[in-house]
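Participant: One structure, as structure tokens, below. Some questions next.
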Amino acid sequence: EEEEEDDDELFNEHTKEHTNVIFIGHVDAGKSTLGGNILFLTGMVDKRTMEKYEREAKEAGRDSWYLSWALDTNQEERAKGKTVECGRAFFETDKRRYTILDAPGHKNFVPSMVGGAAQADVAVLVISARRGEFETGFERGGQTREHAVLVKTAGVRTLIVAINKMDDPTVGWDKARYDEVTSKLTPFLKKTGYSPKTDIIYIPMSGYTGAGVKDRVGSACSWYTGPSLLETLDGLQSVERKTNGPLRIPISEKYRDMGTIVSGKIESGRIRINQKMMLMPEKHICEVSNIYGANEAEEKTAISGDNVRIKLRGIDDGLVQNGHVLVDLKHPCHITREFDALLIIREAKNIITSGYKSVLHVHTATEEVILSKLLHKVNAKNQRSRAPPPFIKQNEKCIVRIQTTKPICVERFEDFPQLGRFTLRDEGKTIAVGKILKLVETNTVNAAN
């Protein structure tokens, strides 16, 4: 008990709330540039570093990309001006600490973006107001639509829509263009499940000049008097955290650096140095050696909501995979190869029958699955059919049984939303979204056995 009291004192040091923000949107909407400018405006990247990036960008003939280089640090990303993996960076305001998750906008890299969305609390959908660019991102092949669907499925409740590049010569802070873009977006976002009144916030801005990012847009845009992006983020309602819940850390990446290092978002519970944990589904016992928080600072503890890197003792990195989950010894999570789920078909060229194969994305795990049975069709009033349907098609709801090729760590949606909601993807498209209702074949193991 004394140890628990010491724990509580340690954890009370976490006074500033931590929020994970993901920047999403079509390729070239200006996500990395906006993220880089936020780092600069909040003092996370100093003027000298920015000047160095500006010089390097000029030499590479990429003048206007220098702000995005603060986030896109690998050579491939810089050379093409495209984010490939889900970049991470930290910044702080007077009120909160933030992790920026900069999602790739190119459709080849959507699986990386799905992993990032699983860790986000708030999404900033970056839309280019430049004539032609908005239309490209929003039409059938663009990523704007798919990204909005994916973050909704990942449980992101608030969507801030940054109408970017308002300073562009084709726009010139024109209210008519802003209204045109928002009027096209609102009905679509509403269909995705966001309420225009409570869940969507529109902000005109320029990620490149910084107008509307930290400070308000001011005289350049006399018709908008609302708060800037950072003011809006600071003013959002607090996210409810399960600090005292059972420990759950889905692993988003792992590597070797003088030991095994994993990173991920603590979805529930809290950790401290020297704490024993279990890696599921393999049930390996390991220990926390070091905790690295924002900007690689070493921490003694971390709590639910924090995005951390953890050095583990007593486990080889070959045993760790993305999608594995770290749990406390007393409360292991469920492992299953079969579960029943409510599925909503978003996009399907053909009808879907039992035996359909696709790729499941649940928290940070990716697994090949098969729809083994269609159990009940669900109508608009949420009533179930008695007889199983022979097939399902686009925009229909159905309760299905899903089998995975390997055991995975999941929970029922009602017990643990973060580990109970998923998407099914096939041929580079999001086919369906769903939530787990029942685990058919389960396996929880008490470490004491």
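In the structure tokens, chains take the letters A, B, ... in the order shown, each chain's residues start at 1, and ligands count up from 1 in the order shown.
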May I have all residues of stretch 239-340 of chain A that DSSP, computed from the backbone, assigns to strand (DSSP E or B), given as a ChimeraX atom specification?
Facilitator: /A:248-256,260-265,268,270-272,276-280,284-292,298-299,301-303,307-313,325-327,335-340
Participant: Could you give me, as a list of chain:residue names, the residues within 6 Å of A:Arg401, counting only C-alpha atoms and dropping anything in the same chain fewer than 4 positions from it?
Facilitator: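 Once the adjacent positions are removed, what remains is A:Phe339, A:Asp340, A:Leu371, A:Ser372, A:Lys373.
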Participant: May I have the residues from that selection written out with N, CA, C and O atoms, as a JSON list (two decimals), in the first residue's frame?
Facilitator:
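What landed in out.json:
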[["chain", "number", "residue", "atom", "x", "y", "z"],
["A", 339, "PHE", "N", -14.21, -13.57, -33.62],
["A", 339, "PHE", "CA", -15.11, -12.69, -32.87],
["A", 339, "PHE", "C", -16.29, -12.29, -33.74],
["A", 339, "PHE", "O", -16.25, -12.39, -34.97],
["A", 340, "ASP", "N", -17.38, -11.88, -33.07],
["A", 340, "ASP", "CA", -18.56, -11.37, -33.77],
["A", 340, "ASP", "C", -18.51, -9.85, -33.73],
["A", 340, "ASP", "O", -18.15, -9.26, -32.70],
["A", 371, "LEU", "N", -14.21, -13.31, -43.45],
["A", 371, "LEU", "CA", -15.58, -13.23, -42.92],
["A", 371, "LEU", "C", -16.14, -14.64, -43.00],
["A", 371, "LEU", "O", -16.54, -15.10, -44.07],
["A", 372, "SER", "N", -16.14, -15.35, -41.86],
["A", 372, "SER", "CA", -16.52, -16.77, -41.93],
["A", 372, "SER", "C", -18.03, -16.97, -41.99],
["A", 372, "SER", "O", -18.52, -17.92, -42.59],
["A", 373, "LYS", "N", -18.80, -16.03, -41.37],
["A", 373, "LYS", "CA", -20.28, -16.18, -41.41],
["A", 373, "LYS", "C", -20.93, -14.81, -41.44],
["A", 373, "LYS", "O", -20.46, -13.88, -40.77]]
Participant: Compile the contact shell of A:Cys398 as a ChimeraX atom specification: residues with an atom at most 6 Å away, counting only C-alpha atoms, same-chain residues fewer than 5 positions apart removed.
Facilitator: /A:342-343,376-378
Participant: Could you list, as a ChimeraX atom specification, every residue within 12 Å of A:Lys190, counting only C-alpha atoms and ignoring same-chain residues fewer than 3 positions away?
Facilitator: /A:145,148-149,152,159,182-187,193-200
Participant: Mind dumping the selected residues with C-alpha atoms as a PDB file, in the first residue's frame?
Facilitator:
ATOM      1  CA  ARG A 145     -12.817  11.499 -47.719  1.00  0.00           C
ATOM      2  CA  ALA A 148     -12.149  11.585 -42.423  1.00  0.00           C
ATOM      3  CA  VAL A 149     -13.795   8.151 -42.316  1.00  0.00           C
ATOM      4  CA  LYS A 152     -13.966   8.736 -37.110  1.00  0.00           C
ATOM      5  CA  LEU A 159     -12.487  17.417 -36.086  1.00  0.00           C
ATOM      6  CA  THR A 182     -17.042  24.499 -46.144  1.00  0.00           C
ATOM      7  CA  SER A 183     -20.441  24.034 -47.830  1.00  0.00           C
ATOM      8  CA  LYS A 184     -19.085  21.043 -49.784  1.00  0.00           C
ATOM      9  CA  LEU A 185     -17.378  19.506 -46.743  1.00  0.00           C
ATOM     10  CA  THR A 186     -20.174  19.819 -44.171  1.00  0.00           C
ATOM     11  CA  PRO A 187     -22.709  17.377 -45.724  1.00  0.00           C
ATOM     12  CA  GLY A 193     -20.843  10.732 -38.321  1.00  0.00           C
ATOM     13  CA  TYR A 194     -19.595  14.165 -37.234  1.00  0.00           C
ATOM     14  CA  SER A 195     -22.213  16.609 -35.959  1.00  0.00           C
ATOM     15  CA  PRO A 196     -21.675  20.040 -37.609  1.00  0.00           C
ATOM     16  CA  LYS A 197     -22.830  21.776 -34.402  1.00  0.00           C
ATOM     17  CA  THR A 198     -20.704  19.989 -31.806  1.00  0.00           C
ATOM     18  CA  ASP A 199     -17.866  18.078 -33.519  1.00  0.00           C
ATOM     19  CA  ILE A 200     -16.613  20.253 -36.413  1.00  0.00           C
TER      20      ILE A 200
END
Participant: Could you check the closest approach to A:Glu17 for each of A:Lys52, A:Lys397, A:Arg241, A:Lys429 and tell me which residue wins, using only C-alpha atoms?
Facilitator: A:Arg241
Participant: Would you work out the distance separating atom CA of A:Asp257 from atom CA of A:Tyr292, expressed in Å to one decimal?
Facilitator: 13.2 Å
Participant: What are the closest atom pairs, with distances in Å to one decimal, for all residues of stretch 163-279 of chain A lying within 12 Å of stretch 411-419 of chain A? Consider only C-alpha atoms, order rows by chain and residue number, and present the result as a tab-separated table.
Facilitator:
residue	atom	partner	partner_atom	distance
A:Arg241	CA	A:Gln418	CA	11.9
A:Lys242	CA	A:Phe416	CA	10.4
A:Gly245	CA	A:Phe416	CA	10.4
A:Pro246	CA	A:Phe416	CA	10.4
A:Leu247	CA	A:Phe416	CA	11.6
A:Arg248	CA	A:Leu419	CA	9.1
A:Ile249	CA	A:Leu419	CA	10.2
A:Pro250	CA	A:Leu419	CA	8.6
A:Lys265	CA	A:Gln418	CA	10.8
A:Ile266	CA	A:Gln418	CA	10.7
A:Glu267	CA	A:Gln418	CA	7.3
A:Ser268	CA	A:Phe416	CA	9.3
Participant: Using only C-alpha atoms for the distances, tell me which of A:Ala89, A:Arg346, A:Lys381, A:Tyr356 is nearest to A:Ile431.
Facilitator: A:Arg346
Participant: Give me, as a PyMOL selection string, the residues of stretch 231-447 of chain A that a backbone DSSP run labels helix (DSSP H, G or I).
Facilitator: chain A and resi 231-235+294-296+317-319+417-419
Participant: Need to verify the contact set: A:Glu299, 9 Å, only C-alpha atoms, exclusion of same-chain residues closer than 5 positions in sequence. Can you return it as a PyMOL selection string?
Facilitator: chain A and resi 272-273+290-293
Participant: Generate a file of the selected residues that holds C-alpha atoms, formatted as a short mmCIF file (atom, residue, chain, number, x, y, z; two decimals), in the first residue's frame.
Facilitator:
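The resulting file, out24.cif, is shown below:
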data_model
loop_
_atom_site.label_atom_id
_atom_site.label_comp_id
_atom_site.auth_asym_id
_atom_site.auth_seq_id
_atom_site.Cartn_x
_atom_site.Cartn_y
_atom_site.Cartn_z
CA ARG A 272 6.75 3.58 -13.77
CA ILE A 273 10.40 2.55 -13.99
CA ASN A 290 13.56 3.61 -19.10
CA ILE A 291 10.64 5.83 -20.15
CA TYR A 292 11.19 8.56 -22.75
CA GLY A 293 8.51 11.23 -23.11
#
Participant: Grab the atom CA of A:Leu375 to atom CA of A:Ala387 distance for me, in Å with one decimal place.
Facilitator: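 Interatomic distance here is 7.6 Å.
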